[in-house]
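Student: Have a look at this one.
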Amino acid sequence: MSKRPELLRALTVGLICAGLSSPVWANALESRRDAREPAFAQVMYQYYQNRPYDALTTLLSNRALEFNATGTVNVLLGDLYARYGLTREADAALSRATNSDVTASNRNMPWLRYGKLLNNTRQDSLALNFLRKPPALLTPLQESERVIMVANILTRQERVDEAIEVLQDYKTPSPFYRQLARYNLALALLQPAMINGKPISDDEKKRRESIAIDILEKLRKGKVEPIEQIVKPERPAPVPEKKLSHLLRKPKKSLVENKDLGNASTLTASALTQDIEDDSITDDDRLNLKDKVALSLAYLHLTRNQAEKARVALRDVRLKSPYSNQALLTSAHVYFQLKDFQRAYNFATELANRDPADPMVQEGWLLAARALEELHQDQAEERYQQALQIYKAQTAAINLLSRQVEQIDILRLFPVDTRDPILLELPSIPKTPQAGLWAQLMDLPEVLSVLQQIQQTHVLQDRIAQYGQRIDRLNKSNQVSPDDQTSLKETLELYQKVRQDFQKAGLQDRKALIARVQQPLQQRQMQLDRYLTEALLGLQRLRQHANKDR
């Protein structure tokens, strides 16, 4: 769901505040040679103090800055719009700054931030058109981010071979992005692809899968070696000489390196001679990428019935990794496939000790019981019974949350404490018996977004109440001139309209949250029903065997 109406209402609130603090309601500022100087200084101070909301509303209440000041102001404005998800406004501001005298260091990060906004909000066509035309002098790290985004968008658009073409030859001085590009190349090779409008052959699928596995194996060992071209760039058919010269076309270049589209940022050979480390890449980023490589490789081996190779790959996934639940469950399946049921039981039991609201943990309970059944252990029946109790308890929790969600005090459950009414921190998981379920729900972008909208509306309503108090004090003041009374009346009308809008928005957000929560809860319940059925069938098998033994 788009946040655009809420964001624009929020900015309107900021403009009311800016209006209330303008010289109409206070002593006039000292006369300056250029009236824009104090406003520009205030914007710059707020921007670099990481107060983007104040910087943006100050800019919007001083429109002369936007249209008459240097390109730097429009770059800042585009950056601020991008932070708040206002794509059209950001694009317009950055376009106004294109031909201005703006340094690359001031221009390129806002440009990249806007590209990230389009990419993250899945506006793929806009993002691709924007990212394929970078400004000059992107840094090597900025260029690396750009290429990764272009390739990911092409993959999402099912233009798999174009994504492969982008990534197979790509070079970067960043070790992290070098590995990330190669990992994304392996994932692209595993996607369904088309050649001349037809699905690729089974032989080609196997070839690409083998290349992907080889890439992942080398990445697991920390190697990024040159590879032969997997997809050859298409060449246009030769044009007969009798054709007119204006029909001749240059060979098509890739989207990443098409200089005809304005790309002056393609890395030169000299830029690739020495590795560059990026301070924004944390140790967790690097370790998480290693975990994903190992887990993807293990899953591939497991689907190819190569359980031993999968077992070796899984050794590289950390026990405390964000992906450790997936790794434990995959390990249990690996040993089950190897018929080492004792170890399968051990891994499944380690997983079963974790949060039972996680579907992988729920599957772990079932797999542990299956392993004991294969071992002909007497505890198998007890384990199935325990699994049934877990599934019934989780079913009860889902039903309870489904009934209560309409009455829950969301803001008490998810309190918000922020200076910025729009750029909110991620809400903390509530410390309640249903914390596990909420953690699962908050992993869903559609639930998290509406939850943050409820928090945002609350913060803005608090600000509106403060503005209302200031307007009330002005109404009662004897110092407001007759001319300013007209402006005050207009401000009061705007304030009342915005307040009513937010009251309606609060009700709409609550209805949206209920709808967004109910659907995944139903899906969780269906999954639990399957596990419940499997556990009952396991108990039935055990009892049938027991009757035969008698």
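For the structure tokens, the naming scheme is as follows: chains receive sequential letters (A, B, ...) according to their order of presentation, residues are indexed from 1 within each chain, and ligands are indexed from 1 in presentation order.
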Would you give me, as a PyMOL selection string, the residues in segment 52-227 of chain A that DSSP reads as alpha helix (DSSP H)?
Tutor: chain A and resi 52-60+63-68+71-83+87-97+104-120+124-131+140-156+160-168+175-189+202-220
Student: Return as a tab-separated table the residues of segment 309-362 of chain A lying at most 12 Å from segment 517-533 of chain A, together with the closest atom-to-atom pair for each and the distance in Å to one decimal, counting only C-alpha atoms, with rows in chain order and ascending residue number.
Tutor:
residue	atom	partner	partner_atom	distance
A:Pro356	CA	A:Leu528	CA	11.1
A:Ala357	CA	A:Arg524	CA	9.2
A:Asp358	CA	A:Arg524	CA	9.5
A:Pro359	CA	A:Arg524	CA	7.7
A:Met360	CA	A:Gln527	CA	10.6
A:Val361	CA	A:Tyr531	CA	11.2
A:Gln362	CA	A:Tyr531	CA	7.7
Student: May I have the residues from that selection written out with N, CA, C and O atoms, as a PDB file, in the first residue's frame?
Tutor:
ATOM      1  N   PRO A 356       8.364 -22.094  18.873  1.00  0.00           N
ATOM      2  CA  PRO A 356       7.404 -22.964  18.171  1.00  0.00           C
ATOM      3  C   PRO A 356       6.485 -22.241  17.207  1.00  0.00           C
ATOM      4  O   PRO A 356       5.758 -22.886  16.443  1.00  0.00           O
ATOM      5  N   ALA A 357       6.501 -20.899  17.198  1.00  0.00           N
ATOM      6  CA  ALA A 357       5.674 -20.166  16.239  1.00  0.00           C
ATOM      7  C   ALA A 357       6.282 -20.197  14.841  1.00  0.00           C
ATOM      8  O   ALA A 357       5.589 -19.910  13.866  1.00  0.00           O
ATOM      9  N   ASP A 358       7.560 -20.551  14.740  1.00  0.00           N
ATOM     10  CA  ASP A 358       8.241 -20.611  13.447  1.00  0.00           C
ATOM     11  C   ASP A 358       7.846 -21.903  12.732  1.00  0.00           C
ATOM     12  O   ASP A 358       8.005 -22.998  13.278  1.00  0.00           O
ATOM     13  N   PRO A 359       7.324 -21.825  11.486  1.00  0.00           N
ATOM     14  CA  PRO A 359       6.932 -23.041  10.766  1.00  0.00           C
ATOM     15  C   PRO A 359       8.073 -24.049  10.614  1.00  0.00           C
ATOM     16  O   PRO A 359       7.826 -25.257  10.586  1.00  0.00           O
ATOM     17  N   MET A 360       9.316 -23.572  10.522  1.00  0.00           N
ATOM     18  CA  MET A 360      10.438 -24.514  10.406  1.00  0.00           C
ATOM     19  C   MET A 360      10.634 -25.291  11.703  1.00  0.00           C
ATOM     20  O   MET A 360      10.985 -26.473  11.686  1.00  0.00           O
ATOM     21  N   VAL A 361      10.413 -24.633  12.833  1.00  0.00           N
ATOM     22  CA  VAL A 361      10.483 -25.323  14.124  1.00  0.00           C
ATOM     23  C   VAL A 361       9.356 -26.352  14.233  1.00  0.00           C
ATOM     24  O   VAL A 361       9.561 -27.474  14.724  1.00  0.00           O
ATOM     25  N   GLN A 362       8.186 -25.968  13.756  1.00  0.00           N
ATOM     26  CA  GLN A 362       7.061 -26.910  13.769  1.00  0.00           C
ATOM     27  C   GLN A 362       7.371 -28.146  12.931  1.00  0.00           C
ATOM     28  O   GLN A 362       7.069 -29.277  13.321  1.00  0.00           O
TER      29      GLN A 362
END
Student: Of the residues A:Leu117, A:Ala307, A:Ala465, A:Ala151, which is the one nearest to Ala332 of chain A, using only C-alpha atoms?
Tutor: A:Ala307
Student: Calculated over only C-alpha atoms, which of the candidates A:Pro427, A:Gly538, A:Pro38, A:Gly197 has the smallest distance to Arg412 of chain A?
Tutor: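 Of A:Pro427, A:Gly538, A:Pro38, A:Gly197, the one nearest Arg412 of chain A, counting only C-alpha atoms, is A:Pro427.
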